[in-house]
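K.L.:
The following file, final05.pdb, comprises PDB, C-alpha atoms:
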```pdb
ATOM      1  CA  MET K   1     144.330 -69.543 145.223
ATOM      2  CA  PHE K   2     142.174 -66.427 144.890
ATOM      3  CA  GLU K   3     144.629 -64.750 142.549
ATOM      4  CA  THR K   4     144.319 -67.811 140.338
ATOM      5  CA  LEU K   5     140.526 -67.579 140.495
ATOM      6  CA  ARG K   6     140.586 -63.902 139.591
ATOM      7  CA  ALA K   7     142.977 -64.586 136.701
ATOM      8  CA  LEU K   8     140.769 -67.424 135.486
ATOM      9  CA  ILE K   9     137.642 -65.272 135.536
ATOM     10  CA  ALA K  10     139.463 -62.455 133.752
ATOM     11  CA  SER K  11     140.801 -64.849 131.126
ATOM     12  CA  LEU K  12     137.331 -66.175 130.416
ATOM     13  CA  SER K  13     136.320 -62.746 129.152
ATOM     14  CA  ILE K  14     133.084 -62.840 131.095
ATOM     15  CA  PRO K  15     130.927 -59.900 130.009
ATOM     16  CA  SER K  16     130.457 -57.272 132.693
ATOM     17  CA  ALA K  17     126.713 -58.031 132.866
ATOM     18  CA  SER K  18     127.531 -61.627 133.746
ATOM     19  CA  ARG K  19     130.110 -60.538 136.306
ATOM     20  CA  GLU K  20     127.469 -58.318 137.876
ATOM     21  CA  ALA K  21     125.051 -61.250 137.986
ATOM     22  CA  ILE K  22     127.712 -63.409 139.648
ATOM     23  CA  ASN K  23     128.389 -60.638 142.170
ATOM     24  CA  ARG K  24     124.676 -60.215 142.936
ATOM     25  CA  GLU K  25     124.283 -63.955 143.485
ATOM     26  CA  LEU K  26     127.331 -64.039 145.742
ATOM     27  CA  GLN K  27     125.952 -61.111 147.774
ATOM     28  CA  LYS K  28     122.619 -62.931 148.044
ATOM     29  CA  GLN K  29     124.347 -66.084 149.324
ATOM     30  CA  ILE K  30     126.313 -64.046 151.874
ATOM     31  CA  ALA K  31     123.148 -62.364 153.165
ATOM     32  CA  GLU K  32     121.347 -65.712 153.456
ATOM     33  CA  LEU K  33     124.259 -67.264 155.349
ATOM     34  CA  GLU K  34     124.444 -64.289 157.718
ATOM     35  CA  GLN K  35     120.717 -64.585 158.457
ATOM     36  CA  GLY K  36     120.900 -68.331 159.007
ATOM     37  CA  ILE K  37     123.870 -68.076 161.331
ATOM     38  CA  LYS K  38     122.036 -65.662 163.615
ATOM     39  CA  SER K  39     119.492 -68.313 164.584
ATOM     40  CA  MET K  40     121.838 -71.303 164.908
ATOM     41  CA  SER K  41     122.934 -72.742 168.217
ATOM     42  CA  GLN K  42     126.592 -73.362 168.918
ATOM     43  CA  GLY K  43     128.107 -76.516 167.506
ATOM     44  CA  SER K  44     129.795 -78.027 164.500
ATOM     45  CA  GLU K  45     127.042 -76.983 162.067
ATOM     46  CA  LEU K  46     127.479 -73.361 163.106
ATOM     47  CA  ASP K  47     131.233 -73.697 162.655
ATOM     48  CA  LYS K  48     130.723 -75.096 159.145
ATOM     49  CA  GLU K  49     128.374 -72.269 158.186
ATOM     50  CA  ILE K  50     130.781 -69.637 159.522
ATOM     51  CA  ALA K  51     133.592 -71.214 157.501
ATOM     52  CA  LYS K  52     131.382 -71.147 154.387
ATOM     53  CA  LEU K  53     130.474 -67.508 155.039
ATOM     54  CA  ASP K  54     134.138 -66.590 155.440
ATOM     55  CA  HIS K  55     134.922 -68.352 152.165
ATOM     56  CA  PHE K  56     132.158 -66.519 150.295
ATOM     57  CA  LYS K  57     133.251 -63.174 151.731
ATOM     58  CA  ALA K  58     136.850 -63.862 150.699
ATOM     59  CA  LEU K  59     135.693 -64.714 147.176
ATOM     60  CA  ASP K  60     133.640 -61.538 147.037
ATOM     61  CA  SER K  61     136.592 -59.486 148.225
ATOM     62  CA  HIS K  62     138.946 -60.966 145.652
ATOM     63  CA  LEU K  63     136.491 -60.594 142.795
ATOM     64  CA  GLN K  64     136.047 -56.873 143.417
TER      65      GLN K  64
END
```
As structure tokens, how would this structure be written, given the file I've shared?
P.N.:
Amino acid sequence: MFETLRALIASLSIPSASREAINRELQKQIAELEQGIKSMSQGSELDKEIAKLDHFKALDSHLQ
């Protein structure tokens, strides 16, 4: 799945400035999720947020 995403982004010929903007936004989302998770109590909402954080981190890793 992520290889396909990386190939799609590469094929779109996104200028490096735009890729940097995407990366900055992704990093911002990751930081916000990490902060929010710290104050959440255990439960299904926390599980959902952790899953979202893991997904964003995987995207960030594959886009590097």
K.L.:
Excluding same-chain residues fewer than 2 positions from Gly36 (chain K), what lies within 12 Å of it counting all atoms listed in the file, as a list in words?
P.N.:
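Result of the neighbour search: Gln29, Ile30, Ala31, Glu32, Leu33, Glu34, Lys38, Ser39, Met40, Ser41, Glu45, Leu46, Lys48, Glu49, Ile50, Lys52 and Leu53 of chain K.
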K.L.:
Between K:Pro15, K:Asn23, K:Gln35, K:Gln42, which residue has the minimum interatomic distance to Leu63 (chain K), considering all atoms listed in the file?
P.N.:
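Closest candidate: K:Asn23.
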K.L.:
Just the number, please: distance in Å from CA of Arg19 (chain K) to CA of Leu59 (chain K), one decimal.
P.N.:
12.9 Å
K.L.:
To one decimal place, how far is CA of Asp47 (chain K) from CA of Ala21 (chain K) in Å?
P.N.:
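Computed distance, CA of Asp47 (chain K) to CA of Ala21 (chain K), equals 28.3 Å.
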K.L.:
What gap, in Å, lies between CA of Glu20 (chain K) and CA of Ile37 (chain K)?
P.N.:
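Atom-to-atom, CA of Glu20 (chain K) to CA of Ile37 (chain K), that is 25.7 Å.
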K.L.:
Set up a box along x, y and z of the file covering all listed atoms of region 42-47 of chain K, add 5 Å on every one of the six sides, and write the centre and edge lengths in Å to one decimal, as lines of an AutoDock Vina configuration file.
P.N.:
```
center_x = 128.9
center_y = -75.7
center_z = 165.5
size_x = 14.6
size_y = 14.7
size_z = 16.9
```
